[in-house]
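Colleague: After the structure tokens below, expect a handful of questions from me.
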Amino acid sequence: MEFVVSNTNLRDLSRIFLNLSRIDDAVNWEINKDQLILTTLNSSRSGFGKVTLTKKFFDKFTFHPDTLFLTGFVSPTVRLSTQIKPILSIFRNKIFESTLLVNNNLNTNAGAAESSSKKNVVVENIQMQITSGKECRVIFKFNCKHGVVKTYKIAYEQTQTLHAVFDKASCHNNWQINSKILKDLIEHFGQKTEELTIQPVQGRVLLTSFTEEVVHNKDVLKQPTQTTVSIDGKEFEQVSLNEGIIITLSLKEFRAAVLLAESLGTSIASYYSVSGKPALFTFNKGKFMEIEAQFILATVMGPDDFDESSLGARWQQSGTANSSLLVPENTSAAPALENEAPSASIGWQTNGDAETSRMFHSTLDIPRNEEPAAKPSRQTTDEENHPLFLEGMPDETELMAFDNDVADDAEFGPTQHEQTYHGIFSQDDTET
Amino acid sequence: MRFKTRISNLYTLTRLVQALDRIGKFCWLRLMPETVNFIIIPDFRMTQVWAVLEVETIFEEYVVQSNAENVINLEIPVDNLYKALRSAANASDSTIRLSKKNNQPLLSLSTTWSGRAFGSNIVTHNIPIRVLSHSYVSAIKEPTAPEPDCHIFFPNLNILRQVADKYKNMSDRVIISANMSGELQLSVSTPAAKVTTRWKDLENPELDPSQVDDINRHPSQTRNPKDFVHMRLDAKDLVNMLRISTVARRVIACFCEGHALVLYVYITDPEDEHTAVLTYYISTYVD
């Protein structure tokens with residue numbers, strides 16, 4: 001079996017591996033006569049990434065596997081798993097543009113910080129082969145400039161692969177935005193941010209950071225900054241959301257999806273229904289959809305069961321003139337979704353096992369300990385927080401003026417409960 | 001109690017907070033109608049910073065209201081503020097406000113970004129802070145130093161900083177010396193080597209008669225102009241202090257022999273309408 005990737009697609013391939021590595025350390029390969037599918041699943045089974053590369057992505061795609069290799073009843077498929085770190089290291093410090101484009105792209109290549117140094121090699125194409133028998137290896141042959149060939153052999157094992165189930169047709173909430181805009185905005189979240197909450201508010205989409213560390217008894221000043229990004233609805237190519245639907249998911253995996261979309265230069269679309277059910281982030285690249293990526297992330301279960309029909313207004317807008325996306329409020333969104341990409345229903349497939357089961361069932365059913373405390377308070381304060389999201393200078397009436405000094409201060413007095421102070425106050429203050 | 005303002009000079013404020021980040025973790029921010037103070041007195045370290053900035057140097061549309069003569073005292077974590085300010089670079093509009101969520105006082109930094117589709121995106125950072133009472137802060141006093149034996153304008157801080165960085169690797173103590181003839185020296189002395197860097201033709205500032213009682217008897221005037229005042233500083237303190245070089249315009253160093261080195265760092269030019277100055281009190285060692 002052999003696949004050749006030419007330089008125009010090499011950078012994309014290296015970015016695909018890089019971002020899948022943010023999800024897990026191992027990547028699964030599924031190869032059949034039409035495509036190569038790379039998937040990763042994180043250890044807590046709450047994040048799943050899948051990138052499908054069709055035959056057209058490759059300069060050459062030959063699939064003649066050893067019959068012992070084959071699995072699957074539907075179509076002959078080869079399934080393997082490799083570690084991702086060795087793959088990342090072989091792609092590092094390689095320049096994938098053709099010589100004509102080297103000057104423009106040197107600084108954008110992953111890992112090419114010293115772009116002018118001799119360490120970076122200009123690669124013309126990569127040949128991938130899979131050997132079996134005595135040595136189970138995926139062989140990467142980098143054909144570089146000046147006739148240099150770098151060959152890397154990475155061990156694999158045969159595995160079963162697990163896929164996530166996702167029913168796009170039942171997701172009534174979706175949006176689509178240019179991934180660069182989204183990436184620039186999520187860079188504002190601090191390092192310690194663990195989770196992100198996404199919700200529509202007054203024609204805007206709000207992303208709020210959440211960190212477990214916010215514990216009441218700990219030193220107030222050591223708590224991390226809480227960041228909220230409010231994205232104007234106009235920035236989206238398309239929005240169809242029920243007000244009141246709030247989903248919370250892990251930032252790490254969400255970021256991996258956004259970063260990959262941004263490096264491929266595409267828009268990213270999101271589909272989800274209610275909190276607790278998984279959310280899909282998908283994008284594709286190429287005239288023939290040579291690269292198709294899907295990231296399915298578990299969302300944190302809310303304390304209440306949301307009944308969609310009882311929710312607030314439905315916000316829909318489309319950046320294009322395509323009015324067929326607009327759907328009257330109470331009907332199911334299925335007709336709208338049919339106009340979009342073909343509905344995906346990813347099979348839950350293990351080798352030879354045709355039974356489907358829901359992948360995210362376990363993570364969602366386990367109630368999180370912090371949840372009852374954290375979620376309600378975050379939701380109520382989101383309502384109070386509207387002033388934070390308005391443009392320009394805040395309203396005069398938003399903040400209450402107070403009558404007294406701090407201790408008697410109606411708003412800030414009650415905050416003065418701590419007796420321990422910091423540096424300034426560590427000197428002996430006998431007068432206090 | 002109310003505070004909100006728009007930031008007019010984000011670059012200066014960011015660099016200022018970046019320099020303060022090196023001095024201590026928590027800063028006392030005193031907001032008054034005309035001026036803003038940043039005060040850092042770190043635990044167990046020797047350098048203190050007392051910065052006084054006229055509001056117009058960094059803010060506009062500034063509003064501060066409280067029942068205590070419109071003064072508000074806050075304790076803020078410097079690194080969180082720095083990171084928030086840094087993320088606001090290149091935004092079209094930044095505002096800071098005092099707000100509250102769940103009984104927790106916050107400093108909210110909101111920046112507006114104009115998006116491609118003429119929409120506007122808003123990023124808000126909510127930094128947990130503490131509001132300090134008047135009775136509490138009244139106990140903190142600015143250090144007093146005796147009249148300096150020597151005062152001199154520092155040369156270009158960037159060069160000083162580079163020299164100090166190298167000295168830091170050689171020794172824990174740096175000796176700084178100056179005289180009233182415009183000469184400055186930075187040196188280290190280790191068993192293996194003695195290194196001295198000398199600057200000359202620097203200016204010694206003139207004393208302002210309105211501020212000083214009897215100029216002729218001031219210690220800096222009565223000493224021999226060629227006599228150096230030597231002081232031993234901790235190398236790390238010196239390097240951390242020199243981080244302000246990114247926004248410093250002029251620095252006057254006052255040597256109080258046997259006590260402290262006091263530096264007045266102006267981040268505005270003399271011809272600017274409004275001034276902003278940071279005072280660094282650096283203790284010296286008598287090893």
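Ligands are numbered from 1 in the order shown, residues from 1 within each chain, and chains are lettered A, B, ... in the order they appear in the structure tokens.
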Which neighbours of range 187-189 of chain B fall inside 10 Å, counting only C-alpha atoms, when residues of the same chain fewer than 4 positions from it are skipped, and could you give them as a VMD selection string?
Modeller: chain B and resid 163 to 164 167 to 168 170 to 177 193 to 198 232 235
Colleague: Using only C-alpha atoms, please write the residues we just selected to a file, as a PDB file, in the first residue's frame.
Modeller:
```pdb
ATOM      1  CA  VAL B 163      25.349  45.632  31.926  1.00  0.00           C
ATOM      2  CA  ALA B 164      23.358  44.780  35.029  1.00  0.00           C
ATOM      3  CA  TYR B 167      26.664  41.405  36.338  1.00  0.00           C
ATOM      4  CA  LYS B 168      23.810  39.432  37.770  1.00  0.00           C
ATOM      5  CA  MET B 170      28.669  37.065  38.070  1.00  0.00           C
ATOM      6  CA  SER B 171      27.732  38.110  41.533  1.00  0.00           C
ATOM      7  CA  ASP B 172      24.831  38.677  43.896  1.00  0.00           C
ATOM      8  CA  ARG B 173      25.945  42.154  44.761  1.00  0.00           C
ATOM      9  CA  VAL B 174      26.503  45.068  42.451  1.00  0.00           C
ATOM     10  CA  ILE B 175      28.205  48.221  43.595  1.00  0.00           C
ATOM     11  CA  ILE B 176      26.735  51.389  42.202  1.00  0.00           C
ATOM     12  CA  SER B 177      28.582  54.648  42.609  1.00  0.00           C
ATOM     13  CA  ALA B 193      37.520  39.188  38.811  1.00  0.00           C
ATOM     14  CA  LYS B 194      36.670  42.820  39.355  1.00  0.00           C
ATOM     15  CA  VAL B 195      34.652  44.491  36.630  1.00  0.00           C
ATOM     16  CA  THR B 196      33.758  48.158  36.470  1.00  0.00           C
ATOM     17  CA  THR B 197      31.717  50.035  33.913  1.00  0.00           C
ATOM     18  CA  ARG B 198      32.051  53.819  33.965  1.00  0.00           C
ATOM     19  CA  ARG B 232      25.889  47.852  47.393  1.00  0.00           C
ATOM     20  CA  ALA B 235      21.886  42.348  41.613  1.00  0.00           C
TER      21      ALA B 235
END
```
Colleague: Considering only C-alpha atoms, extract the chain B residues located within 8 Å of chain A and return them as an MDAnalysis selection string.
Modeller: chainID B and resid 1:2 6 26:28 40:43 65:68 76:77 80 87 93 95 99 101:105 110 112 115:136 139:140
Colleague: Please write the residues from the selection above to a file, keeping N, CA and C atoms, as a compact mmCIF listing (two decimals), in the first residue's frame.
Modeller:
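Output below, filename part_0.txt:
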```txt
# COMPACT_ATOMS: atom_id res chain seq x y z
N MET B 1 -19.64 53.46 45.43
CA MET B 1 -18.24 53.37 44.97
C MET B 1 -18.24 53.02 43.50
N ARG B 2 -17.59 53.80 42.72
CA ARG B 2 -17.70 53.59 41.28
C ARG B 2 -16.42 53.99 40.60
N ARG B 6 -11.67 54.91 30.32
CA ARG B 6 -11.21 54.37 29.06
C ARG B 6 -9.69 54.48 29.09
N PHE B 26 1.45 41.63 44.18
CA PHE B 26 0.20 42.33 44.41
C PHE B 26 0.48 43.81 44.52
N CYS B 27 -0.44 44.58 43.99
CA CYS B 27 -0.20 46.01 43.92
C CYS B 27 -1.37 46.72 44.57
N TRP B 28 -1.06 47.78 45.29
CA TRP B 28 -2.11 48.63 45.84
C TRP B 28 -2.35 49.72 44.81
N ILE B 40 3.76 49.17 45.25
CA ILE B 40 4.08 47.76 45.50
C ILE B 40 5.08 47.67 46.63
N ILE B 41 4.73 46.91 47.63
CA ILE B 41 5.63 46.67 48.76
C ILE B 41 5.65 45.16 48.92
N PRO B 42 6.58 44.53 48.27
CA PRO B 42 6.55 43.05 48.30
C PRO B 42 7.00 42.48 49.64
N ASP B 43 6.64 41.27 49.84
CA ASP B 43 7.08 40.53 51.03
C ASP B 43 8.57 40.29 50.97
N GLN B 65 -15.67 57.63 41.97
CA GLN B 65 -16.57 58.18 42.98
C GLN B 65 -16.60 57.27 44.18
N SER B 66 -16.47 57.88 45.33
CA SER B 66 -16.65 57.09 46.55
C SER B 66 -17.00 58.06 47.65
N ASN B 67 -17.41 57.50 48.75
CA ASN B 67 -17.79 58.40 49.82
C ASN B 67 -16.60 58.97 50.56
N ALA B 68 -15.45 58.43 50.31
CA ALA B 68 -14.25 58.91 51.00
C ALA B 68 -13.51 59.86 50.08
N ILE B 76 -4.69 44.54 43.74
CA ILE B 76 -4.84 43.77 42.51
C ILE B 76 -3.66 42.85 42.26
N PRO B 77 -3.91 41.70 41.65
CA PRO B 77 -2.81 40.80 41.28
C PRO B 77 -2.17 41.33 40.00
N ASN B 80 -2.09 39.01 36.60
CA ASN B 80 -3.36 38.88 35.89
C ASN B 80 -3.68 40.15 35.12
N SER B 87 -3.39 41.19 26.29
CA SER B 87 -4.31 40.65 25.29
C SER B 87 -5.12 41.75 24.63
N ASP B 93 -10.58 49.77 21.38
CA ASP B 93 -11.13 50.49 22.51
C ASP B 93 -10.98 49.65 23.78
N THR B 95 -11.64 49.59 28.10
CA THR B 95 -12.14 50.29 29.28
C THR B 95 -11.90 49.42 30.51
N SER B 99 -16.28 46.28 39.16
CA SER B 99 -17.60 45.64 39.14
C SER B 99 -17.61 44.52 40.16
N LYS B 101 -19.25 40.38 41.09
CA LYS B 101 -20.02 39.21 40.69
C LYS B 101 -19.99 38.25 41.86
N ASN B 102 -21.18 37.80 42.31
CA ASN B 102 -21.21 36.86 43.43
C ASN B 102 -20.48 37.38 44.65
N ASN B 103 -20.65 38.62 44.97
CA ASN B 103 -19.99 39.21 46.13
C ASN B 103 -18.49 39.30 45.99
N GLN B 104 -17.98 39.12 44.82
CA GLN B 104 -16.55 39.21 44.60
C GLN B 104 -16.27 40.47 43.79
N PRO B 105 -15.51 41.41 44.35
CA PRO B 105 -15.18 42.59 43.56
C PRO B 105 -14.24 42.22 42.43
N SER B 110 -12.48 45.59 29.53
CA SER B 110 -13.25 45.23 28.33
C SER B 110 -12.59 45.83 27.12
N THR B 112 -12.80 46.20 22.84
CA THR B 112 -13.66 46.01 21.68
C THR B 112 -12.78 45.85 20.46
N GLY B 115 -14.66 43.62 13.95
CA GLY B 115 -14.51 42.41 13.15
C GLY B 115 -14.56 42.71 11.67
N ARG B 116 -14.38 41.65 10.91
CA ARG B 116 -14.35 41.82 9.46
C ARG B 116 -15.68 42.26 8.88
N ALA B 117 -16.74 41.74 9.47
CA ALA B 117 -18.05 42.00 8.89
C ALA B 117 -18.68 43.23 9.52
N PHE B 118 -17.83 44.17 9.97
CA PHE B 118 -18.31 45.38 10.63
C PHE B 118 -19.06 45.10 11.91
N GLY B 119 -18.89 43.92 12.42
CA GLY B 119 -19.50 43.67 13.72
C GLY B 119 -18.47 44.05 14.76
N SER B 120 -18.82 44.04 16.01
CA SER B 120 -17.78 44.30 16.99
C SER B 120 -17.77 43.19 18.01
N ASN B 121 -16.59 42.73 18.30
CA ASN B 121 -16.44 41.65 19.26
C ASN B 121 -15.88 42.23 20.54
N ILE B 122 -16.39 41.78 21.65
CA ILE B 122 -15.95 42.33 22.93
C ILE B 122 -15.32 41.22 23.76
N VAL B 123 -14.13 41.52 24.26
CA VAL B 123 -13.47 40.56 25.14
C VAL B 123 -13.41 41.20 26.51
N THR B 124 -13.90 40.51 27.51
CA THR B 124 -13.89 41.07 28.86
C THR B 124 -13.12 40.16 29.79
N HIS B 125 -12.17 40.76 30.49
CA HIS B 125 -11.42 39.99 31.49
C HIS B 125 -11.88 40.46 32.85
N ASN B 126 -12.29 39.55 33.68
CA ASN B 126 -12.72 39.90 35.04
C ASN B 126 -11.67 39.42 36.02
N ILE B 127 -10.99 40.38 36.64
CA ILE B 127 -9.90 40.02 37.52
C ILE B 127 -10.37 40.15 38.96
N PRO B 128 -10.34 39.09 39.75
CA PRO B 128 -10.75 39.19 41.15
C PRO B 128 -9.76 40.09 41.90
N ILE B 129 -10.33 41.03 42.66
CA ILE B 129 -9.48 41.97 43.40
C ILE B 129 -10.04 42.13 44.80
N ARG B 130 -9.41 42.97 45.56
CA ARG B 130 -9.91 43.27 46.90
C ARG B 130 -10.04 44.78 47.04
N VAL B 131 -11.09 45.20 47.70
CA VAL B 131 -11.25 46.63 47.96
C VAL B 131 -10.74 46.89 49.36
N LEU B 132 -9.87 47.87 49.50
CA LEU B 132 -9.24 48.14 50.80
C LEU B 132 -9.91 49.32 51.48
N SER B 133 -10.01 49.22 52.76
CA SER B 133 -10.65 50.32 53.48
C SER B 133 -9.64 51.41 53.81
N HIS B 134 -10.15 52.57 54.04
CA HIS B 134 -9.28 53.71 54.35
C HIS B 134 -8.47 53.53 55.59
N SER B 135 -9.11 53.01 56.61
CA SER B 135 -8.39 52.87 57.87
C SER B 135 -7.20 51.95 57.68
N TYR B 136 -7.38 50.97 56.81
CA TYR B 136 -6.30 50.03 56.60
C TYR B 136 -5.14 50.65 55.86
N ALA B 139 -2.39 53.17 57.35
CA ALA B 139 -1.23 52.71 58.11
C ALA B 139 0.03 52.60 57.25
N ILE B 140 -0.15 52.64 55.96
CA ILE B 140 1.00 52.45 55.09
C ILE B 140 1.56 53.80 54.69
```
Colleague: Name the closest residue to Phe3 in chain A among the candidates A:Ile16, A:Met128, A:Ile37, A:Glu195; distances are taken between atoms, counting only C-alpha atoms.
Modeller: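 That would be A:Met128, the residue with the smallest distance to Phe3 in chain A.
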Colleague: Do a neighbour search on Lys287 in chain A at 12 Å with only C-alpha atoms, toss out local chain neighbours closer than 6 positions, and write the hits as a list in words.
Modeller: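 The filter keeps Thr54, Lys56 and Phe57 of chain A.
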Colleague: Suppose we keep all heavy atoms; can you now write the selection as a PDB file, in the first residue's frame?
Modeller:
```pdb
ATOM      1  N   THR A  54      -9.554  11.973   1.294  1.00  0.00           N
ATOM      2  CA  THR A  54      -9.989  11.118   0.178  1.00  0.00           C
ATOM      3  C   THR A  54      -8.828  10.865  -0.774  1.00  0.00           C
ATOM      4  O   THR A  54      -7.775  11.483  -0.676  1.00  0.00           O
ATOM      5  CB  THR A  54     -11.123  11.781  -0.612  1.00  0.00           C
ATOM      6  OG1 THR A  54     -10.600  12.987  -1.195  1.00  0.00           O
ATOM      7  CG2 THR A  54     -12.286  12.127   0.279  1.00  0.00           C
ATOM      8  N   LYS A  56      -8.329  11.880  -3.595  1.00  0.00           N
ATOM      9  CA  LYS A  56      -7.909  13.074  -4.328  1.00  0.00           C
ATOM     10  C   LYS A  56      -6.887  13.912  -3.591  1.00  0.00           C
ATOM     11  O   LYS A  56      -6.213  14.754  -4.174  1.00  0.00           O
ATOM     12  CB  LYS A  56      -9.120  13.931  -4.666  1.00  0.00           C
ATOM     13  CG  LYS A  56     -10.051  13.294  -5.689  1.00  0.00           C
ATOM     14  CD  LYS A  56     -10.660  14.341  -6.590  1.00  0.00           C
ATOM     15  CE  LYS A  56     -11.086  13.794  -7.926  1.00  0.00           C
ATOM     16  NZ  LYS A  56     -12.168  12.808  -7.881  1.00  0.00           N
ATOM     17  N   PHE A  57      -6.765  13.711  -2.278  1.00  0.00           N
ATOM     18  CA  PHE A  57      -5.781  14.457  -1.497  1.00  0.00           C
ATOM     19  C   PHE A  57      -4.369  14.024  -1.888  1.00  0.00           C
ATOM     20  O   PHE A  57      -3.411  14.779  -1.786  1.00  0.00           O
ATOM     21  CB  PHE A  57      -6.049  14.192  -0.010  1.00  0.00           C
ATOM     22  CG  PHE A  57      -5.071  14.830   0.938  1.00  0.00           C
ATOM     23  CD1 PHE A  57      -5.168  16.172   1.255  1.00  0.00           C
ATOM     24  CD2 PHE A  57      -4.072  14.082   1.530  1.00  0.00           C
ATOM     25  CE1 PHE A  57      -4.276  16.763   2.149  1.00  0.00           C
ATOM     26  CE2 PHE A  57      -3.179  14.662   2.425  1.00  0.00           C
ATOM     27  CZ  PHE A  57      -3.283  16.003   2.733  1.00  0.00           C
TER      28      PHE A  57
END
```
Colleague: For Gly286 in chain A, which residue out of A:Met301, A:Gly265, A:Glu124, A:Leu10 is the nearest one, using only C-alpha atoms?
Modeller: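 Comparing A:Met301, A:Gly265, A:Glu124, A:Leu10 against Gly286 in chain A, the winner is A:Gly265.
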Colleague: As a list in words, please: every residue in range 173-258 of chain B that a backbone DSSP assignment puts in helix (DSSP H, G or I).
Modeller: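 Here are the helix (DSSP H, G or I) residues of range 173-258 of chain B: Ile215, Asn216, Arg217, Pro219, Ser220, Gln221, Thr222, Ala235, Lys236, Asp237, Leu238, Val239, Asn240, Met241, Leu242, Arg243, Ile244, Ser245 and Thr246 of chain B.
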Colleague: Output C-alpha atoms of each residue in that selection to a file, as a short mmCIF file (atom, residue, chain, number, x, y, z; two decimals), in the first residue's frame.
Modeller:
```cif
data_model
loop_
_atom_site.label_atom_id
_atom_site.label_comp_id
_atom_site.auth_asym_id
_atom_site.auth_seq_id
_atom_site.Cartn_x
_atom_site.Cartn_y
_atom_site.Cartn_z
CA ILE B 215 20.81 74.76 49.24
CA ASN B 216 24.30 75.65 50.24
CA ARG B 217 24.21 73.32 53.18
CA PRO B 219 24.90 67.34 51.57
CA SER B 220 25.19 67.01 47.83
CA GLN B 221 26.55 70.55 47.54
CA THR B 222 28.98 70.47 50.42
CA ALA B 235 21.89 42.35 41.61
CA LYS B 236 18.41 40.95 41.10
CA ASP B 237 16.79 44.05 42.56
CA LEU B 238 18.73 46.19 40.19
CA VAL B 239 17.82 44.10 37.17
CA ASN B 240 14.13 44.00 38.12
CA MET B 241 14.10 47.71 38.58
CA LEU B 242 15.72 48.31 35.22
CA ARG B 243 12.82 46.53 33.52
CA ILE B 244 11.14 49.91 33.52
CA SER B 245 13.57 50.92 30.80
CA THR B 246 10.92 50.24 28.16
#
```
Colleague: Per DSSP on the backbone, what are the strand (DSSP E) residues of range 65-190 of chain B, as a VMD selection string?
Modeller: chain B and resid 65 72 to 77 93 to 101 104 to 114 120 to 128 130 to 132 150 to 153 173 to 178 184 to 189
Colleague: Given the choices A:Thr266, A:Ser273, A:Gln127, A:Asn174, which gets closest to Asp59 in chain A if the distance is worked out from only C-alpha atoms?
Modeller: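 Distance minimum relative to Asp59 in chain A lands on A:Gln127.
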